[in-house]
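The next block is upload_8.tsv, given as TSV, C-alpha atoms.
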chain	number	residue	atom	x	y	z
A	95	MET	CA	1.76	21.11	16.63
A	96	SER	CA	-1.65	19.57	15.99
A	97	VAL	CA	-1.88	16.57	13.66
A	98	GLU	CA	-3.92	18.67	11.21
A	99	ASP	CA	-1.06	21.19	11.09
A	100	LEU	CA	1.47	18.37	10.74
A	101	ILE	CA	-0.47	17.00	7.77
A	102	LYS	CA	-0.61	20.48	6.20
A	103	LYS	CA	3.16	20.73	6.64
A	104	LEU	CA	3.91	17.32	5.10
A	105	VAL	CA	1.54	17.16	2.14
A	106	LYS	CA	2.74	17.45	-1.42
A	107	GLU	CA	0.35	19.10	-3.84
A	108	VAL	CA	-0.50	17.83	-7.29
A	109	ASP	CA	-2.15	20.38	-9.50
A	110	GLY	CA	-5.07	19.49	-11.70
A	111	GLU	CA	-7.70	21.23	-13.78
A	112	LYS	CA	-10.49	19.94	-11.56
A	113	ALA	CA	-10.10	21.89	-8.34
A	114	ILE	CA	-13.37	20.68	-6.83
A	115	GLU	CA	-14.17	21.64	-3.27
A	116	GLU	CA	-13.40	18.17	-2.04
A	117	ASN	CA	-9.96	18.90	-0.59
A	118	VAL	CA	-8.65	15.45	-1.52
A	119	ILE	CA	-5.77	14.10	0.55
A	120	VAL	CA	-4.42	10.62	0.02
A	121	PHE	CA	-2.06	8.83	2.39
A	122	THR	CA	0.15	6.50	0.39
A	123	LEU	CA	3.25	4.31	0.48
A	124	SER	CA	5.91	5.11	-2.10
A	125	THR	CA	6.42	1.37	-2.69
A	126	CYS	CA	2.76	0.42	-3.03
A	127	MET	CA	1.29	-0.53	-6.40
A	128	TRP	CA	-2.28	0.17	-5.20
A	129	CYS	CA	-1.18	3.66	-4.16
A	130	LYS	CA	0.30	4.25	-7.61
A	131	LYS	CA	-2.99	3.15	-9.14
A	132	CYS	CA	-4.83	5.61	-6.87
A	133	LYS	CA	-2.53	8.50	-7.85
A	134	ASN	CA	-2.91	7.51	-11.51
A	135	PHE	CA	-6.69	7.57	-11.12
A	136	LEU	CA	-6.54	11.08	-9.66
A	137	ASN	CA	-4.04	12.25	-12.28
A	138	GLU	CA	-6.12	10.83	-15.12
A	139	SER	CA	-9.21	12.51	-13.65
A	140	SER	CA	-7.25	15.81	-13.72
A	141	MET	CA	-7.99	16.09	-10.03
A	142	LYS	CA	-6.17	18.54	-7.80
A	143	TYR	CA	-5.07	16.60	-4.73
A	144	LYS	CA	-2.52	16.34	-1.96
A	145	TYR	CA	-0.65	13.29	-0.77
A	146	ILE	CA	1.77	12.09	1.88
A	147	ASP	CA	4.02	9.09	1.31
A	148	VAL	CA	3.75	7.80	4.87
A	149	ASP	CA	6.76	5.48	4.56
A	150	LYS	CA	8.97	8.46	3.80
A	151	ILE	CA	8.25	10.50	6.92
A	152	ASP	CA	9.73	10.55	10.41
A	153	PRO	CA	8.62	7.54	12.57
A	154	VAL	CA	7.01	9.72	15.23
A	155	ASP	CA	5.06	11.68	12.60
A	156	LYS	CA	4.03	8.33	11.07
A	157	ALA	CA	2.63	7.17	14.40
A	158	LYS	CA	0.79	10.47	14.96
A	159	ILE	CA	-0.83	10.38	11.53
A	160	ILE	CA	-1.82	6.70	11.76
A	161	GLU	CA	-3.37	7.21	15.22
A	162	TYR	CA	-5.19	10.29	13.94
A	163	LEU	CA	-6.65	8.42	10.94
A	164	LYS	CA	-7.57	5.41	13.08
A	165	ASN	CA	-9.37	7.50	15.68
A	166	LYS	CA	-11.03	10.00	13.40
A	167	TYR	CA	-12.36	7.46	10.89
A	168	GLN	CA	-12.75	4.54	13.31
A	169	THR	CA	-11.07	2.11	10.95
A	170	ARG	CA	-7.82	0.27	10.54
A	171	VAL	CA	-5.35	2.08	8.35
A	172	SER	CA	-4.19	0.62	5.07
A	173	TYR	CA	-3.01	2.27	1.88
A	174	PRO	CA	-4.02	4.19	-0.14
A	175	PHE	CA	-6.19	6.00	2.45
A	176	LEU	CA	-8.13	8.72	0.66
A	177	ILE	CA	-10.02	11.41	2.51
A	178	CYS	CA	-12.16	14.21	1.11
A	179	GLU	CA	-15.07	16.39	2.25
A	180	SER	CA	-17.65	13.70	1.32
A	181	GLY	CA	-16.00	10.77	3.08
A	182	HIS	CA	-13.04	8.45	3.03
A	183	VAL	CA	-11.95	5.30	1.20
A	184	VAL	CA	-9.51	2.77	2.64
A	185	GLY	CA	-7.66	0.80	-0.02
A	186	TYR	CA	-7.76	1.22	-3.78
A	187	ASN	CA	-11.35	1.41	-4.94
A	188	PRO	CA	-11.92	3.34	-8.19
A	189	GLU	CA	-15.71	2.87	-8.04
A	190	LYS	CA	-15.88	4.54	-4.63
A	191	TYR	CA	-13.55	7.31	-5.82
A	192	LYS	CA	-15.91	8.00	-8.71
A	193	GLU	CA	-18.88	8.19	-6.33
A	194	LEU	CA	-17.15	10.50	-3.88
A	195	LEU	CA	-15.38	12.75	-6.36
A	196	LYS	CA	-18.02	13.23	-8.99
A	197	GLY	CA	-18.23	17.02	-8.30
B	46	MET	CA	20.90	-13.83	-6.38
B	47	ASP	CA	21.15	-10.11	-5.66
B	48	MET	CA	17.71	-9.11	-4.47
B	49	GLU	CA	18.70	-5.46	-4.41
B	50	THR	CA	18.45	-5.48	-8.21
B	51	LYS	CA	15.28	-5.75	-10.26
B	52	GLU	CA	16.58	-8.81	-12.08
B	53	GLY	CA	17.52	-10.55	-8.83
B	54	MET	CA	14.12	-9.76	-7.29
B	55	LYS	CA	12.31	-11.03	-10.38
B	56	LYS	CA	14.28	-14.27	-10.14
B	57	TYR	CA	13.42	-14.58	-6.44
B	58	VAL	CA	9.67	-14.07	-6.89
B	59	SER	CA	9.67	-16.47	-9.86
B	60	GLN	CA	11.23	-19.14	-7.66
B	61	VAL	CA	8.70	-18.47	-4.88
B	62	ALA	CA	5.83	-18.72	-7.37
B	63	GLU	CA	7.17	-21.93	-8.87
B	64	LYS	CA	7.74	-23.54	-5.48
B	65	ASN	CA	4.22	-22.74	-4.33
B	66	LYS	CA	2.53	-23.52	-7.66
B	67	TRP	CA	1.37	-19.91	-8.00
B	68	ILE	CA	1.70	-17.64	-11.03
B	69	LEU	CA	2.96	-14.05	-11.18
B	70	ASN	CA	0.89	-11.04	-12.13
B	71	LYS	CA	0.91	-10.79	-15.92
B	72	ASP	CA	0.31	-7.04	-16.13
B	73	GLN	CA	3.82	-5.75	-16.77
B	74	GLN	CA	3.23	-2.28	-15.28
B	75	THR	CA	1.77	-3.74	-12.09
B	76	PHE	CA	4.45	-6.42	-11.91
B	77	ASN	CA	7.30	-3.95	-12.38
B	78	ASP	CA	5.82	-1.55	-9.80
B	79	LEU	CA	5.67	-4.41	-7.30
B	80	ILE	CA	9.25	-5.44	-8.06
B	81	ASP	CA	10.41	-1.82	-7.65
B	82	GLY	CA	8.66	-1.66	-4.27
B	83	LEU	CA	10.24	-4.91	-3.10
B	84	VAL	CA	13.70	-3.78	-4.22
B	85	ASP	CA	13.25	-0.43	-2.41
B	86	ASN	CA	12.25	-2.22	0.78
B	87	LYS	CA	15.10	-4.72	0.49
B	88	LYS	CA	17.56	-1.84	0.17
B	89	LYS	CA	15.98	0.14	2.99
B	90	PHE	CA	15.40	-2.65	5.55
B	91	ASN	CA	17.63	-5.46	4.30
B	92	TYR	CA	14.56	-7.65	3.89
B	93	GLN	CA	11.90	-7.68	1.17
B	94	SER	CA	8.97	-6.40	3.18
B	95	CYS	CA	5.56	-6.36	1.47
B	96	PRO	CA	5.47	-3.18	-0.66
B	97	CYS	CA	1.74	-2.61	-0.06
B	98	ARG	CA	1.98	-2.46	3.73
B	99	LEU	CA	3.80	-0.13	6.10
B	100	ALA	CA	6.86	-1.81	7.59
B	101	SER	CA	8.24	-0.76	10.95
B	102	GLY	CA	11.87	-1.32	9.97
B	103	LYS	CA	12.29	-3.69	12.92
B	104	ARG	CA	12.66	-7.19	11.50
B	105	ASP	CA	10.92	-8.95	14.39
B	106	LEU	CA	7.82	-6.82	13.94
B	107	ASP	CA	7.83	-7.15	10.15
B	108	ARG	CA	8.65	-10.86	9.94
B	109	ASP	CA	5.10	-11.78	8.87
B	110	LEU	CA	5.31	-9.22	6.03
B	111	ILE	CA	8.47	-10.54	4.41
B	112	CYS	CA	7.53	-11.50	0.86
B	113	PRO	CA	5.93	-13.97	0.42
B	114	CYS	CA	4.04	-12.76	3.50
B	115	ASP	CA	2.55	-15.20	6.00
B	116	TYR	CA	-0.92	-14.40	4.68
B	117	ALA	CA	-0.25	-15.12	0.99
B	118	PRO	CA	-1.09	-18.88	1.02
B	119	LEU	CA	-4.49	-18.36	2.65
B	120	ASP	CA	-5.30	-15.28	0.55
B	121	ILE	CA	-4.40	-17.06	-2.68
B	122	LYS	CA	-6.47	-20.05	-1.63
B	123	GLU	CA	-9.48	-17.89	-0.70
B	124	TYR	CA	-9.30	-14.97	-3.17
B	125	GLY	CA	-6.95	-16.22	-5.87
B	126	ALA	CA	-4.39	-13.50	-5.12
B	127	CYS	CA	-2.09	-12.28	-2.38
B	128	TYR	CA	-2.74	-8.87	-0.80
B	129	CYS	CA	-0.51	-7.15	-3.41
B	130	ASN	CA	-1.71	-9.28	-6.34
B	131	LEU	CA	1.90	-10.23	-7.08
B	132	TYR	CA	1.24	-13.95	-6.62
B	133	LEU	CA	-1.91	-15.38	-8.13
B	134	SER	CA	-3.60	-18.75	-8.28
B	135	HIS	CA	-3.25	-20.66	-11.54
B	136	ASN	CA	-6.87	-20.03	-12.49
B	137	PHE	CA	-6.91	-16.32	-11.53
B	138	TYR	CA	-7.29	-14.99	-15.06
B	139	GLU	CA	-10.24	-17.31	-15.74
B	140	LYS	CA	-12.29	-14.93	-13.57
B	141	GLY	CA	-12.03	-12.24	-16.25
B	142	VAL	CA	-10.62	-9.58	-13.93
B	143	ASP	CA	-7.25	-7.84	-14.00
B	144	PHE	CA	-6.94	-7.42	-10.25
B	145	ILE	CA	-8.78	-8.21	-7.06
B	146	ILE	CA	-8.91	-6.27	-3.81
B	147	VAL	CA	-7.89	-8.65	-1.04
B	148	PRO	CA	-9.01	-7.72	2.49
B	149	GLU	CA	-6.25	-7.27	5.06
B	150	ARG	CA	-5.75	-10.53	6.97
B	151	ARG	CA	-2.92	-9.30	9.19
B	152	PRO	CA	-4.08	-9.26	12.81
B	153	VAL	CA	-4.75	-5.76	14.19
B	154	ALA	CA	-2.54	-6.62	17.20
B	155	LYS	CA	0.49	-6.73	14.89
B	156	GLU	CA	-0.32	-3.29	13.51
B	157	ASN	CA	-0.74	-1.98	17.05
B	158	ALA	CA	2.68	-3.38	17.97
B	159	VAL	CA	4.20	-1.43	15.05
B	160	LEU	CA	2.43	1.72	16.19
B	161	ALA	CA	3.75	1.26	19.75
B	162	TYR	CA	7.26	0.77	18.36
B	163	LEU	CA	7.06	3.91	16.22
B	164	ASN	CA	5.79	5.89	19.22
B	165	GLN	CA	8.82	4.77	21.26
B	166	LYS	CA	11.12	6.53	18.81
B	167	THR	CA	10.38	9.95	20.30

Take the structure in this file and express it as structure tokens.
Amino acid sequence: MSVEDLIKKLVKEVDGEKAIEENVIVFTLSTCMWCKKCKNFLNESSMKYKYIDVDKIDPVDKAKIIEYLKNKYQTRVSYPFLICESGHVVGYNPEKYKELLKG
Amino acid sequence: MDMETKEGMKKYVSQVAEKNKWILNKDQQTFNDLIDGLVDNKKKFNYQSCPCRLASGKRDLDRDLICPCDYAPLDIKEYGACYCNLYLSHNFYEKGVDFIIVPERRPVAKENAVLAYLNQKT
């Protein structure tokens, strides 16, 4: 299975009124306060998004997803790691979210 | 002190803060979320790994992330807050901000070691 298919299999969807064409996916830790702030930001923006709590998945899947993010975005991986059609944001950064998700 | 309970974990982080002359985050929602994360990790791994970073579950690889993490003193000195913003410098709130984003100080080599360990679990 490709990593893209693995991600599709593992994501949880959060419905929102704003279903912009950004295809927002955020990689989070269930224990992380910054990740909660990120999800709150998306919820309060009524944004439709998907997420994976990386700490909750199988270790091998974890490694595959981290390697994929590292290689594709050429960055170290920390959480929350938000990706959308317009770009990506590593770490909680509401100003960057607003810029990327203004659609 | 039972660190698998919220009250026990709050007592622990209060002692750490006092010993190091730091203060704790005053935002109750943020503080409680951080305590919940620490308690979850303590129950899962048997050590209170940093809730804002991915732990491997192998103590030797996560030793630097056990709260207070190895990077907290330098981060608090330089930025006024640890990576999670649980521990803050005494003058943190004089800056007029509620939180600060602290860059990751953990060496990349340590993250790569975790990745290698996770890959071995095939």

Residue list for chain B near chain A as a ChimeraX atom specification, 6 Å, all atoms listed in the file
/B:78-79,82,96-97,160,163-164

Find the residues around Arg151 in chain B up to 9 Å (all atoms listed in the file counted), leave out those fewer than 6 positions away in its own chain, and share them as a list in words.
Asp109, Leu110, Asp115 and Tyr116 of chain B

Can you pull out every residue within 12 Å of Gly181 in chain A, counting only C-alpha atoms, but drop anything in the same chain fewer than 3 positions away, and send it as a ChimeraX atom specification?
/A:116-120,166-167,175-178,184,190-191,193-195

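Residues in contact with Ser134 in chain B at 10 Å, where only C-alpha atoms are counted and same-chain residues fewer than 6 positions away are skipped, are listed as Ala62, Asn65, Lys66, Trp67, Ile68, Leu69, Asn70, Pro118, Asp120, Ile121, Lys122, Glu123, Tyr124, Gly125, Ala126 and Cys127 of chain B.
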
Shortest contact to Asp72 in chain B, candidates B:Leu133, B:Glu52, B:Glu156, B:Val147, atoms counted only C-alpha atoms, goes to B:Leu133

Go through B:Tyr162, B:Val84, B:Met46, B:Lys64 and flag the residue nearest Asp105 in chain B, using only C-alpha atoms for the distances.
B:Tyr162

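Those residues that approach Met48 in chain B to within 8 Å, counting all atoms listed in the file, are Met54, Tyr57, Val84 and Lys87 of chain B; same-chain residues fewer than 6 positions away are not listed.
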
Residues as selected, C-alpha atoms, written as a tab-separated table (two decimals), in the frame of the given file, can you do that?
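Okay, result_18.tsv is ready:
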chain	number	residue	atom	x	y	z
B	54	MET	CA	14.12	-9.76	-7.29
B	57	TYR	CA	13.42	-14.58	-6.44
B	84	VAL	CA	13.70	-3.78	-4.22
B	87	LYS	CA	15.10	-4.72	0.49

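As for CA of Glu149 in chain B and CA of Tyr128 in chain B, they are spaced 7.0 Å apart.
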
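Put simply, CA of Cys132 in chain A is 17.0 Å away from CA of Asp81 in chain B.
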
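Interatomic distance, CA of Lys51 in chain B against CA of Phe76 in chain B: 11.0 Å.
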
Selected residue, from A:Asn134, A:Gly110, A:Ser96, A:Lys192, that lies nearest to Ser180 in chain A when counting only C-alpha atoms
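Residue with the minimum atom-to-atom distance to Ser180 in chain A: A:Lys192.
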